[in-house]
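S.K.: See protein_8.pdb below, with PDB, C-alpha atoms.
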```pdb
ATOM      1  CA  MET I   1     -27.052  12.842   8.908  1.00  0.00           C
ATOM      2  CA  ALA I   2     -24.310  10.261   8.506  1.00  0.00           C
ATOM      3  CA  ASN I   3     -21.639  10.450   5.871  1.00  0.00           C
ATOM      4  CA  THR I   4     -22.415   8.552   2.692  1.00  0.00           C
ATOM      5  CA  PHE I   5     -20.052   6.604   0.460  1.00  0.00           C
ATOM      6  CA  GLU I   6     -20.462   6.450  -3.286  1.00  0.00           C
ATOM      7  CA  LEU I   7     -18.595   4.075  -5.577  1.00  0.00           C
ATOM      8  CA  ILE I   8     -16.685   6.203  -8.078  1.00  0.00           C
ATOM      9  CA  ALA I   9     -15.112   3.346 -10.045  1.00  0.00           C
ATOM     10  CA  SER I  10     -13.708  -0.139  -9.712  1.00  0.00           C
ATOM     11  CA  THR I  11     -11.065  -2.038 -11.595  1.00  0.00           C
ATOM     12  CA  GLY I  12      -8.893  -5.099 -11.262  1.00  0.00           C
ATOM     13  CA  ALA I  13      -6.877  -7.733 -13.015  1.00  0.00           C
ATOM     14  CA  PRO I  14      -9.478 -10.378 -13.940  1.00  0.00           C
ATOM     15  CA  SER I  15      -7.644 -12.141 -16.731  1.00  0.00           C
ATOM     16  CA  ALA I  16      -3.898 -11.696 -16.123  1.00  0.00           C
ATOM     17  CA  SER I  17      -1.379  -9.906 -13.934  1.00  0.00           C
ATOM     18  CA  VAL I  18      -0.798  -6.231 -14.734  1.00  0.00           C
ATOM     19  CA  ALA I  19       1.967  -3.710 -14.084  1.00  0.00           C
ATOM     20  CA  SER I  20      -0.391  -1.181 -12.525  1.00  0.00           C
ATOM     21  CA  LEU I  21      -3.995  -0.243 -11.865  1.00  0.00           C
ATOM     22  CA  SER I  22      -4.957   3.397 -12.048  1.00  0.00           C
ATOM     23  CA  PHE I  23      -7.920   5.666 -11.550  1.00  0.00           C
ATOM     24  CA  SER I  24      -7.809   8.798 -13.698  1.00  0.00           C
ATOM     25  CA  SER I  25     -10.015  11.897 -13.983  1.00  0.00           C
ATOM     26  CA  ILE I  26     -11.206  11.544 -10.387  1.00  0.00           C
ATOM     27  CA  PRO I  27     -14.001  14.084  -9.955  1.00  0.00           C
ATOM     28  CA  ALA I  28     -13.518  16.806  -7.323  1.00  0.00           C
ATOM     29  CA  THR I  29     -17.115  16.595  -6.165  1.00  0.00           C
ATOM     30  CA  PHE I  30     -16.571  14.645  -2.944  1.00  0.00           C
ATOM     31  CA  THR I  31     -14.987  15.666   0.325  1.00  0.00           C
ATOM     32  CA  ASP I  32     -12.808  12.571   0.872  1.00  0.00           C
ATOM     33  CA  LEU I  33     -11.652   9.466  -0.985  1.00  0.00           C
ATOM     34  CA  VAL I  34     -11.480   5.861   0.187  1.00  0.00           C
ATOM     35  CA  LEU I  35      -9.434   3.323  -1.761  1.00  0.00           C
ATOM     36  CA  ILE I  36     -10.073  -0.341  -0.994  1.00  0.00           C
ATOM     37  CA  LEU I  37      -7.868  -3.068  -2.418  1.00  0.00           C
ATOM     38  CA  SER I  38      -7.704  -6.824  -2.370  1.00  0.00           C
ATOM     39  CA  ILE I  39      -4.249  -7.289  -3.734  1.00  0.00           C
ATOM     40  CA  ARG I  40      -1.409  -9.741  -4.288  1.00  0.00           C
ATOM     41  CA  SER I  41       1.965  -9.476  -6.017  1.00  0.00           C
ATOM     42  CA  THR I  42       3.636 -11.815  -8.484  1.00  0.00           C
ATOM     43  CA  SER I  43       6.887 -11.278  -6.551  1.00  0.00           C
ATOM     44  CA  THR I  44       7.988 -12.106  -3.020  1.00  0.00           C
ATOM     45  CA  ASN I  45       8.185  -8.400  -2.191  1.00  0.00           C
ATOM     46  CA  ASN I  46       5.396  -7.211   0.095  1.00  0.00           C
ATOM     47  CA  TYR I  47       5.562  -3.491  -0.674  1.00  0.00           C
ATOM     48  CA  GLY I  48       4.156  -1.458  -3.511  1.00  0.00           C
ATOM     49  CA  SER I  49       3.268   2.097  -4.366  1.00  0.00           C
ATOM     50  CA  ILE I  50       0.234   4.286  -4.531  1.00  0.00           C
ATOM     51  CA  LEU I  51       1.113   7.445  -6.405  1.00  0.00           C
ATOM     52  CA  PHE I  52      -0.985  10.599  -6.250  1.00  0.00           C
ATOM     53  CA  ASN I  53      -1.145  12.289  -9.666  1.00  0.00           C
ATOM     54  CA  GLY I  54       1.720  10.038 -10.782  1.00  0.00           C
ATOM     55  CA  SER I  55       4.135  11.767  -8.391  1.00  0.00           C
ATOM     56  CA  SER I  56       6.853   9.751  -6.655  1.00  0.00           C
ATOM     57  CA  SER I  57       8.091  12.581  -4.420  1.00  0.00           C
ATOM     58  CA  GLY I  58       6.899  14.527  -1.381  1.00  0.00           C
ATOM     59  CA  TYR I  59       5.607  11.639   0.725  1.00  0.00           C
ATOM     60  CA  THR I  60       6.330  11.493   4.463  1.00  0.00           C
ATOM     61  CA  ARG I  61       5.042   8.599   6.522  1.00  0.00           C
ATOM     62  CA  ARG I  62       5.048   6.941   9.900  1.00  0.00           C
ATOM     63  CA  ILE I  63       4.304   3.230  10.002  1.00  0.00           C
ATOM     64  CA  LEU I  64       3.141   1.039  12.845  1.00  0.00           C
ATOM     65  CA  TYR I  65       4.093  -2.510  11.943  1.00  0.00           C
ATOM     66  CA  GLY I  66       3.419  -5.903  13.441  1.00  0.00           C
ATOM     67  CA  ASN I  67       3.753  -9.390  12.019  1.00  0.00           C
ATOM     68  CA  GLY I  68       3.040 -11.720  14.931  1.00  0.00           C
ATOM     69  CA  SER I  69       6.664 -12.011  16.011  1.00  0.00           C
ATOM     70  CA  SER I  70       7.818  -8.393  16.188  1.00  0.00           C
ATOM     71  CA  ALA I  71       6.295  -4.930  16.268  1.00  0.00           C
ATOM     72  CA  PHE I  72       7.812  -1.531  15.714  1.00  0.00           C
ATOM     73  CA  SER I  73       7.311   1.859  14.125  1.00  0.00           C
ATOM     74  CA  THR I  74       9.425   3.497  11.476  1.00  0.00           C
ATOM     75  CA  SER I  75       9.508   6.492   9.162  1.00  0.00           C
ATOM     76  CA  PRO I  76      10.610   5.272   5.739  1.00  0.00           C
ATOM     77  CA  THR I  77      11.781   7.767   3.175  1.00  0.00           C
ATOM     78  CA  GLY I  78      10.285   6.127   0.108  1.00  0.00           C
ATOM     79  CA  TYR I  79       6.787   6.368  -1.283  1.00  0.00           C
ATOM     80  CA  GLU I  80       5.816   2.701  -0.957  1.00  0.00           C
ATOM     81  CA  SER I  81       2.628   3.000   1.055  1.00  0.00           C
ATOM     82  CA  LEU I  82       1.061  -0.115  -0.424  1.00  0.00           C
ATOM     83  CA  SER I  83       1.146  -3.324   1.612  1.00  0.00           C
ATOM     84  CA  ILE I  84       0.655  -6.268  -0.673  1.00  0.00           C
ATOM     85  CA  ASN I  85       0.433 -10.034  -0.257  1.00  0.00           C
ATOM     86  CA  PRO I  86       3.695 -11.477  -1.605  1.00  0.00           C
ATOM     87  CA  SER I  87       3.742 -14.426  -3.971  1.00  0.00           C
ATOM     88  CA  ASP I  88       5.152 -16.726  -1.284  1.00  0.00           C
ATOM     89  CA  SER I  89       2.142 -16.251   0.992  1.00  0.00           C
ATOM     90  CA  THR I  90      -0.528 -18.945   0.961  1.00  0.00           C
ATOM     91  CA  ALA I  91      -1.871 -19.534  -2.555  1.00  0.00           C
ATOM     92  CA  SER I  92      -4.928 -17.533  -3.571  1.00  0.00           C
ATOM     93  CA  THR I  93      -4.747 -15.185  -0.583  1.00  0.00           C
ATOM     94  CA  PHE I  94      -4.820 -11.424  -0.938  1.00  0.00           C
ATOM     95  CA  ALA I  95      -3.943  -8.509   1.324  1.00  0.00           C
ATOM     96  CA  SER I  96      -6.803  -6.299   2.473  1.00  0.00           C
ATOM     97  CA  TYR I  97      -5.936  -2.638   2.182  1.00  0.00           C
ATOM     98  CA  GLN I  98      -7.762   0.620   2.838  1.00  0.00           C
ATOM     99  CA  MET I  99      -6.470   4.136   2.299  1.00  0.00           C
ATOM    100  CA  TYR I 100      -8.430   7.206   3.460  1.00  0.00           C
ATOM    101  CA  ILE I 101      -7.613  10.573   1.869  1.00  0.00           C
ATOM    102  CA  PRO I 102      -9.465  13.520   3.419  1.00  0.00           C
ATOM    103  CA  ASN I 103      -9.888  16.798   1.532  1.00  0.00           C
ATOM    104  CA  TYR I 104      -8.296  15.312  -1.594  1.00  0.00           C
ATOM    105  CA  ALA I 105      -9.489  18.131  -3.831  1.00  0.00           C
ATOM    106  CA  GLY I 106      -8.395  20.979  -1.564  1.00  0.00           C
ATOM    107  CA  SER I 107      -5.441  23.280  -2.112  1.00  0.00           C
ATOM    108  CA  ILE I 108      -3.417  22.232   0.936  1.00  0.00           C
ATOM    109  CA  TYR I 109      -1.003  19.343   1.544  1.00  0.00           C
ATOM    110  CA  LYS I 110      -2.792  15.981   1.489  1.00  0.00           C
ATOM    111  CA  SER I 111      -2.835  13.739   4.535  1.00  0.00           C
ATOM    112  CA  PHE I 112      -3.683  10.059   4.286  1.00  0.00           C
ATOM    113  CA  SER I 113      -4.047   7.044   6.522  1.00  0.00           C
ATOM    114  CA  VAL I 114      -3.774   3.353   5.737  1.00  0.00           C
ATOM    115  CA  ASP I 115      -5.095   0.275   7.496  1.00  0.00           C
ATOM    116  CA  ALA I 116      -3.805  -2.921   5.897  1.00  0.00           C
ATOM    117  CA  VAL I 117      -3.326  -6.555   6.738  1.00  0.00           C
ATOM    118  CA  GLY I 118      -1.807  -9.415   4.814  1.00  0.00           C
ATOM    119  CA  GLU I 119      -3.330 -12.856   4.660  1.00  0.00           C
ATOM    120  CA  ASN I 120      -1.196 -15.934   5.201  1.00  0.00           C
ATOM    121  CA  ASN I 121      -1.733 -19.382   6.649  1.00  0.00           C
ATOM    122  CA  GLY I 122       1.656 -19.286   8.333  1.00  0.00           C
ATOM    123  CA  THR I 123       3.541 -18.141  11.397  1.00  0.00           C
ATOM    124  CA  THR I 124       3.596 -14.493  10.421  1.00  0.00           C
ATOM    125  CA  ALA I 125       1.482 -12.057   8.403  1.00  0.00           C
ATOM    126  CA  GLN I 126       1.982  -8.334   8.487  1.00  0.00           C
ATOM    127  CA  ALA I 127      -0.468  -5.765   9.807  1.00  0.00           C
ATOM    128  CA  ILE I 128       0.250  -2.114   9.146  1.00  0.00           C
ATOM    129  CA  PHE I 129      -1.046   1.340   9.904  1.00  0.00           C
ATOM    130  CA  HIS I 130       0.341   4.325   8.029  1.00  0.00           C
ATOM    131  CA  ALA I 131      -0.114   7.995   8.807  1.00  0.00           C
ATOM    132  CA  GLY I 132       1.270  10.158   6.059  1.00  0.00           C
ATOM    133  CA  VAL I 133       1.250  13.392   4.189  1.00  0.00           C
ATOM    134  CA  TRP I 134       1.879  14.239   0.557  1.00  0.00           C
ATOM    135  CA  SER I 135       3.525  17.657   0.525  1.00  0.00           C
ATOM    136  CA  ASN I 136       1.757  18.870  -2.561  1.00  0.00           C
ATOM    137  CA  SER I 137      -1.189  21.264  -2.703  1.00  0.00           C
ATOM    138  CA  ALA I 138      -2.562  20.034  -6.045  1.00  0.00           C
ATOM    139  CA  ALA I 139      -5.959  18.372  -6.075  1.00  0.00           C
ATOM    140  CA  ILE I 140      -5.647  14.617  -6.406  1.00  0.00           C
ATOM    141  CA  THR I 141      -7.047  13.632  -9.789  1.00  0.00           C
ATOM    142  CA  SER I 142      -5.419  10.237 -10.259  1.00  0.00           C
ATOM    143  CA  LEU I 143      -4.227   7.270  -8.210  1.00  0.00           C
ATOM    144  CA  THR I 144      -1.764   4.710  -9.567  1.00  0.00           C
ATOM    145  CA  ILE I 145      -1.262   1.396  -7.803  1.00  0.00           C
ATOM    146  CA  THR I 146       1.825  -0.683  -8.540  1.00  0.00           C
ATOM    147  CA  SER I 147       3.505  -3.683  -7.018  1.00  0.00           C
ATOM    148  CA  GLY I 148       6.953  -2.707  -5.767  1.00  0.00           C
ATOM    149  CA  VAL I 149       8.563  -5.602  -7.600  1.00  0.00           C
ATOM    150  CA  GLY I 150       6.851  -7.778 -10.194  1.00  0.00           C
ATOM    151  CA  ASN I 151       3.252  -7.256 -11.218  1.00  0.00           C
ATOM    152  CA  ILE I 152      -0.117  -7.013  -9.530  1.00  0.00           C
ATOM    153  CA  ALA I 153      -1.397 -10.578  -9.522  1.00  0.00           C
ATOM    154  CA  GLN I 154      -4.455 -11.787 -11.354  1.00  0.00           C
ATOM    155  CA  TYR I 155      -7.770 -11.431  -9.455  1.00  0.00           C
ATOM    156  CA  SER I 156      -6.592  -8.404  -7.484  1.00  0.00           C
ATOM    157  CA  THR I 157      -9.296  -5.740  -7.249  1.00  0.00           C
ATOM    158  CA  ALA I 158      -9.475  -1.999  -6.549  1.00  0.00           C
ATOM    159  CA  TYR I 159     -12.485   0.077  -5.543  1.00  0.00           C
ATOM    160  CA  LEU I 160     -12.511   3.874  -5.214  1.00  0.00           C
ATOM    161  CA  TYR I 161     -15.228   5.492  -3.147  1.00  0.00           C
ATOM    162  CA  GLY I 162     -16.091   9.145  -2.688  1.00  0.00           C
ATOM    163  CA  VAL I 163     -17.282  10.356   0.712  1.00  0.00           C
ATOM    164  CA  ASN I 164     -20.102  12.868   0.983  1.00  0.00           C
ATOM    165  CA  LYS I 165     -20.224  14.637   4.314  1.00  0.00           C
ATOM    166  CA  ASN I 166     -23.794  15.458   5.099  1.00  0.00           C
ATOM    167  CA  ALA I 167     -24.606  18.173   7.589  1.00  0.00           C
TER
ATOM    168  CA  MET T   1       8.652  -9.816 -25.852  1.00  0.00           C
ATOM    169  CA  PRO T   2       5.974  -7.153 -25.350  1.00  0.00           C
ATOM    170  CA  ASN T   3       6.107  -4.814 -22.375  1.00  0.00           C
ATOM    171  CA  PRO T   4       3.722  -5.441 -19.459  1.00  0.00           C
ATOM    172  CA  THR T   5       0.313  -3.829 -19.588  1.00  0.00           C
ATOM    173  CA  ARG T   6      -1.430  -1.503 -17.190  1.00  0.00           C
ATOM    174  CA  ILE T   7      -5.132  -0.952 -16.627  1.00  0.00           C
ATOM    175  CA  GLU T   8      -6.536   2.553 -16.331  1.00  0.00           C
ATOM    176  CA  ILE T   9     -10.131   3.454 -15.600  1.00  0.00           C
ATOM    177  CA  ASN T  10     -11.390   6.943 -16.357  1.00  0.00           C
ATOM    178  CA  CYS T  11     -13.615   7.893 -13.435  1.00  0.00           C
ATOM    179  CA  GLU T  12     -15.604  10.421 -15.478  1.00  0.00           C
ATOM    180  CA  THR T  13     -16.427   8.176 -18.410  1.00  0.00           C
ATOM    181  CA  GLY T  14     -16.125   4.756 -16.776  1.00  0.00           C
ATOM    182  CA  VAL T  15     -14.044   3.614 -19.741  1.00  0.00           C
ATOM    183  CA  GLU T  16     -11.383   1.049 -18.827  1.00  0.00           C
ATOM    184  CA  SER T  17      -8.267   0.862 -21.003  1.00  0.00           C
ATOM    185  CA  ILE T  18      -5.563  -1.781 -21.195  1.00  0.00           C
ATOM    186  CA  ILE T  19      -2.348  -0.037 -22.195  1.00  0.00           C
ATOM    187  CA  GLU T  20       1.071  -1.486 -22.952  1.00  0.00           C
ATOM    188  CA  LEU T  21       3.812   0.238 -20.970  1.00  0.00           C
ATOM    189  CA  THR T  22       6.328   2.355 -22.835  1.00  0.00           C
ATOM    190  CA  ASP T  23      10.021   1.605 -22.426  1.00  0.00           C
ATOM    191  CA  ALA T  24      10.321   4.719 -20.219  1.00  0.00           C
ATOM    192  CA  GLU T  25       7.518   3.466 -17.975  1.00  0.00           C
ATOM    193  CA  VAL T  26       9.201   0.068 -17.700  1.00  0.00           C
ATOM    194  CA  ALA T  27      12.408   1.839 -16.627  1.00  0.00           C
ATOM    195  CA  GLU T  28      10.437   3.843 -14.017  1.00  0.00           C
ATOM    196  CA  LEU T  29       8.939   0.627 -12.647  1.00  0.00           C
ATOM    197  CA  GLU T  30      12.370  -0.924 -12.380  1.00  0.00           C
ATOM    198  CA  THR T  31      13.559   2.080 -10.386  1.00  0.00           C
ATOM    199  CA  ALA T  32      10.508   1.861  -8.133  1.00  0.00           C
ATOM    200  CA  ALA T  33      11.163  -1.852  -7.676  1.00  0.00           C
ATOM    201  CA  LEU T  34      14.697  -1.136  -6.555  1.00  0.00           C
ATOM    202  CA  ILE T  35      13.481   1.395  -3.983  1.00  0.00           C
ATOM    203  CA  ALA T  36      10.780  -0.986  -2.750  1.00  0.00           C
ATOM    204  CA  GLU T  37      13.291  -3.778  -2.365  1.00  0.00           C
ATOM    205  CA  GLN T  38      15.574  -1.505  -0.335  1.00  0.00           C
ATOM    206  CA  GLU T  39      12.642  -0.550   1.905  1.00  0.00           C
ATOM    207  CA  ARG T  40      11.646  -4.191   2.373  1.00  0.00           C
ATOM    208  CA  GLN T  41      15.194  -5.138   3.308  1.00  0.00           C
ATOM    209  CA  ALA T  42      15.406  -2.221   5.760  1.00  0.00           C
ATOM    210  CA  LEU T  43      12.159  -3.282   7.454  1.00  0.00           C
ATOM    211  CA  GLU T  44      13.286  -6.899   7.669  1.00  0.00           C
ATOM    212  CA  LEU T  45      16.650  -5.883   9.069  1.00  0.00           C
ATOM    213  CA  LYS T  46      14.962  -3.715  11.697  1.00  0.00           C
ATOM    214  CA  ALA T  47      12.643  -6.578  12.674  1.00  0.00           C
ATOM    215  CA  GLU T  48      15.596  -8.955  12.970  1.00  0.00           C
ATOM    216  CA  ASN T  49      17.658  -6.453  14.974  1.00  0.00           C
ATOM    217  CA  ASP T  50      14.745  -5.736  17.325  1.00  0.00           C
ATOM    218  CA  ALA T  51      14.167  -9.453  17.904  1.00  0.00           C
ATOM    219  CA  ALA T  52      17.886 -10.049  18.537  1.00  0.00           C
ATOM    220  CA  ALA T  53      18.083  -7.101  20.944  1.00  0.00           C
ATOM    221  CA  LYS T  54      15.045  -8.406  22.810  1.00  0.00           C
ATOM    222  CA  ALA T  55      16.538 -11.899  23.092  1.00  0.00           C
ATOM    223  CA  ALA T  56      19.874 -10.501  24.282  1.00  0.00           C
ATOM    224  CA  LEU T  57      18.176  -8.383  26.936  1.00  0.00           C
ATOM    225  CA  LEU T  58      16.172 -11.333  28.227  1.00  0.00           C
ATOM    226  CA  GLU T  59      19.355 -13.391  28.420  1.00  0.00           C
ATOM    227  CA  ARG T  60      21.165 -10.636  30.344  1.00  0.00           C
ATOM    228  CA  LEU T  61      18.243 -10.405  32.758  1.00  0.00           C
ATOM    229  CA  GLY T  62      18.058 -14.181  33.051  1.00  0.00           C
ATOM    230  CA  ILE T  63      14.315 -14.329  32.471  1.00  0.00           C
ATOM    231  CA  THR T  64      12.056 -15.760  29.796  1.00  0.00           C
ATOM    232  CA  ALA T  65       9.767 -13.748  27.491  1.00  0.00           C
ATOM    233  CA  ASP T  66       6.741 -14.933  29.460  1.00  0.00           C
ATOM    234  CA  GLU T  67       8.342 -13.789  32.723  1.00  0.00           C
ATOM    235  CA  ALA T  68       9.061 -10.406  31.157  1.00  0.00           C
ATOM    236  CA  LYS T  69       5.397 -10.122  30.196  1.00  0.00           C
ATOM    237  CA  LEU T  70       4.454 -10.848  33.807  1.00  0.00           C
ATOM    238  CA  LEU T  71       6.714  -8.036  34.967  1.00  0.00           C
ATOM    239  CA  LEU T  72       5.156  -5.588  32.534  1.00  0.00           C
ATOM    240  CA  ALA T  73       1.562  -6.656  33.164  1.00  0.00           C
TER
END
```
Kindly present the structure from the file in structure tokens form.
M.R.:
Amino acid sequence: MANTFELIASTGAPSASVASLSFSSIPATFTDLVLILSIRSTSTNNYGSILFNGSSSGYTRRILYGNGSSAFSTSPTGYESLSINPSDSTASTFASYQMYIPNYAGSIYKSFSVDAVGENNGTTAQAIFHAGVWSNSAAITSLTITSGVGNIAQYSTAYLYGVNKNA
Amino acid sequence: MPNPTRIEINCETGVESIIELTDAEVAELETAALIAEQERQALELKAENDAAAKAALLERLGITADEAKLLLA
């Protein structure tokens, strides 16, 4: 039987920009988590953060990056795994972002992958894949999403799904 | 001026809360912003350096980007 996805919770910024969006008390009853965002920043910075359990340390990542004019890979040292549409991209456009976190409730280090693309009616827009690990064996019980600089813009949305693996 | 707010949803209860940031949280965000800005600048610098290196190589070889693509096809 195929895997099934169940919406755990959704949130967003329907009435004004906010400093962060967070999911707390995530139940440990699923095998994997999927976080899906439609997101824009109030600043011109196109990076933000997704913190596991509020932690800003222990993240190691490799990024594949392309923007239409150049492509490369890099291993940044920070924890900014969120790709976000900056405020100078086309008005009312939002980045599409998906993070997959397998075995989030297990007692081993947590791997994650990200598939994200910005939206912009211009010469360049970034597309990014991340492969990463959070070197912490705690179960993930919360996710906090912040814009790297500025706030998360109004009308951004966040959906958290749990994955059930059916035998 | 009040601090910015954050939105938190409790996945067990479904209750969504709008919470004003504490001064300590505002300071943490400012630190995170600084780190994010450094990362953005590093990525942009790498993209610019890669593009410049590519252009310089093409010039040394005396071929265009399209001709280079033909060679690699």
S.K.: Tell me which residues the ChimeraX specification (/I :<10) & /T grabs here, as a PDB file with C-alpha atoms, keeping the file's coordinate frame.
M.R.:
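Dumped to part25.pdb:
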```pdb
ATOM      1  CA  ASN T   3       6.107  -4.814 -22.375  1.00  0.00           C
ATOM      2  CA  PRO T   4       3.722  -5.441 -19.459  1.00  0.00           C
ATOM      3  CA  THR T   5       0.313  -3.829 -19.588  1.00  0.00           C
ATOM      4  CA  ARG T   6      -1.430  -1.503 -17.190  1.00  0.00           C
ATOM      5  CA  ILE T   7      -5.132  -0.952 -16.627  1.00  0.00           C
ATOM      6  CA  GLU T   8      -6.536   2.553 -16.331  1.00  0.00           C
ATOM      7  CA  ILE T   9     -10.131   3.454 -15.600  1.00  0.00           C
ATOM      8  CA  ASN T  10     -11.390   6.943 -16.357  1.00  0.00           C
ATOM      9  CA  CYS T  11     -13.615   7.893 -13.435  1.00  0.00           C
ATOM     10  CA  GLU T  12     -15.604  10.421 -15.478  1.00  0.00           C
ATOM     11  CA  THR T  13     -16.427   8.176 -18.410  1.00  0.00           C
ATOM     12  CA  GLY T  14     -16.125   4.756 -16.776  1.00  0.00           C
ATOM     13  CA  VAL T  15     -14.044   3.614 -19.741  1.00  0.00           C
ATOM     14  CA  GLU T  16     -11.383   1.049 -18.827  1.00  0.00           C
ATOM     15  CA  SER T  17      -8.267   0.862 -21.003  1.00  0.00           C
ATOM     16  CA  ILE T  18      -5.563  -1.781 -21.195  1.00  0.00           C
ATOM     17  CA  ILE T  19      -2.348  -0.037 -22.195  1.00  0.00           C
ATOM     18  CA  GLU T  20       1.071  -1.486 -22.952  1.00  0.00           C
ATOM     19  CA  LEU T  21       3.812   0.238 -20.970  1.00  0.00           C
ATOM     20  CA  GLU T  25       7.518   3.466 -17.975  1.00  0.00           C
ATOM     21  CA  VAL T  26       9.201   0.068 -17.700  1.00  0.00           C
ATOM     22  CA  LEU T  29       8.939   0.627 -12.647  1.00  0.00           C
ATOM     23  CA  GLU T  30      12.370  -0.924 -12.380  1.00  0.00           C
ATOM     24  CA  THR T  31      13.559   2.080 -10.386  1.00  0.00           C
ATOM     25  CA  ALA T  32      10.508   1.861  -8.133  1.00  0.00           C
ATOM     26  CA  ALA T  33      11.163  -1.852  -7.676  1.00  0.00           C
ATOM     27  CA  LEU T  34      14.697  -1.136  -6.555  1.00  0.00           C
ATOM     28  CA  ILE T  35      13.481   1.395  -3.983  1.00  0.00           C
ATOM     29  CA  ALA T  36      10.780  -0.986  -2.750  1.00  0.00           C
ATOM     30  CA  GLU T  37      13.291  -3.778  -2.365  1.00  0.00           C
ATOM     31  CA  GLN T  38      15.574  -1.505  -0.335  1.00  0.00           C
ATOM     32  CA  GLU T  39      12.642  -0.550   1.905  1.00  0.00           C
ATOM     33  CA  ARG T  40      11.646  -4.191   2.373  1.00  0.00           C
ATOM     34  CA  GLN T  41      15.194  -5.138   3.308  1.00  0.00           C
ATOM     35  CA  ALA T  42      15.406  -2.221   5.760  1.00  0.00           C
ATOM     36  CA  LEU T  43      12.159  -3.282   7.454  1.00  0.00           C
ATOM     37  CA  LYS T  46      14.962  -3.715  11.697  1.00  0.00           C
ATOM     38  CA  ALA T  47      12.643  -6.578  12.674  1.00  0.00           C
ATOM     39  CA  GLU T  48      15.596  -8.955  12.970  1.00  0.00           C
ATOM     40  CA  ASP T  50      14.745  -5.736  17.325  1.00  0.00           C
ATOM     41  CA  ALA T  51      14.167  -9.453  17.904  1.00  0.00           C
ATOM     42  CA  LYS T  54      15.045  -8.406  22.810  1.00  0.00           C
TER      43      LYS T  54
END
```
S.K.: Give the padded box for segment 63-68 of chain T as lines of an AutoDock Vina configuration file: axis-aligned, covering all atoms listed in the file, 5 Å on each side, centre and edge lengths in Å to one decimal.
M.R.:
```
center_x = 10.5
center_y = -13.1
center_z = 30.1
size_x = 17.6
size_y = 15.4
size_z = 15.2
```
S.K.: Take atom CA of Asp32 of chain I and atom CA of Ile140 of chain I and report the distance between them in Å, one decimal.
M.R.: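 Spanning atom CA of Asp32 of chain I to atom CA of Ile140 of chain I is a straight-line distance of 10.4 Å.
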S.K.: Pick from I:Pro14, I:Gly54, I:Pro102, I:Gly118: nearest to Pro86 of chain I, with all atoms listed in the file counted?
M.R.: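 Between I:Pro14, I:Gly54, I:Pro102, I:Gly118, the residue approaching Pro86 of chain I most closely is I:Gly118.
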S.K.: Identify which of the residues I:Ala2, I:Ala127, I:Ile50, I:Leu35 lies closest to Leu82 of chain I, counting all atoms listed in the file when measuring atom-to-atom distances.
M.R.: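 Once distances to Leu82 of chain I are computed over all atoms listed in the file, the minimum belongs to I:Ile50.
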S.K.: Could you give me, as a PyMOL selection string, the residues within 9 Å of segment 164-166 of chain I, counting only C-alpha atoms and dropping anything in the same chain fewer than 4 positions from it?
M.R.: chain I and resi 1-6+29-32
S.K.: Excluding Arg61 of chain I and residues on its chain fewer than 4 positions from it, collect all residues at most 6 Å away from it, counting all atoms listed in the file, and give them as a count of residues only.
M.R.: 3
S.K.: Work out how far apart atom CA of Thr93 of chain I and atom CA of Ala125 of chain I are and give it in Å to one decimal.
M.R.: 11.4 Å
S.K.: Using only C-alpha atoms, determine which residues lie at most 10 Å from Ser135 of chain I, disregarding the query and same-chain residues fewer than 5 positions distant; provide the list as a list in words.
M.R.: Ser57, Gly58, Tyr59, Thr60, Ile108, Tyr109, Lys110 and Ser111 of chain I
S.K.: Between atom CA of Glu119 of chain I and atom CA of Ala55 of chain T, what distance in Å does the model show, to one decimal?
M.R.: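 Atom-to-atom, atom CA of Glu119 of chain I and atom CA of Ala55 of chain T are spaced 27.1 Å apart.
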S.K.: Can you take the partial segment 38-46 of chain I, add N, CA and C atoms, and return it as a tab-separated table (two decimals), keeping the file's coordinate frame?
M.R.:
```
chain	number	residue	atom	x	y	z
I	38	SER	N	-8.01	-5.43	-2.69
I	38	SER	CA	-7.70	-6.82	-2.37
I	38	SER	C	-6.59	-7.17	-3.33
I	39	ILE	N	-5.38	-7.36	-2.81
I	39	ILE	CA	-4.25	-7.29	-3.73
I	39	ILE	C	-3.12	-8.27	-3.38
I	40	ARG	N	-2.50	-8.77	-4.42
I	40	ARG	CA	-1.41	-9.74	-4.29
I	40	ARG	C	-0.37	-9.43	-5.36
I	41	SER	N	0.88	-9.73	-5.06
I	41	SER	CA	1.96	-9.48	-6.02
I	41	SER	C	2.40	-10.77	-6.68
I	42	THR	N	3.02	-10.64	-7.85
I	42	THR	CA	3.64	-11.82	-8.48
I	42	THR	C	5.06	-12.02	-7.98
I	43	SER	N	5.53	-11.14	-7.10
I	43	SER	CA	6.89	-11.28	-6.55
I	43	SER	C	6.81	-11.54	-5.05
I	44	THR	N	7.95	-11.85	-4.45
I	44	THR	CA	7.99	-12.11	-3.02
I	44	THR	C	8.09	-10.82	-2.21
I	45	ASN	N	8.13	-9.68	-2.89
I	45	ASN	CA	8.18	-8.40	-2.19
I	45	ASN	C	6.79	-8.04	-1.68
I	46	ASN	N	6.71	-7.51	-0.46
I	46	ASN	CA	5.40	-7.21	0.10
I	46	ASN	C	5.10	-5.70	0.16
```
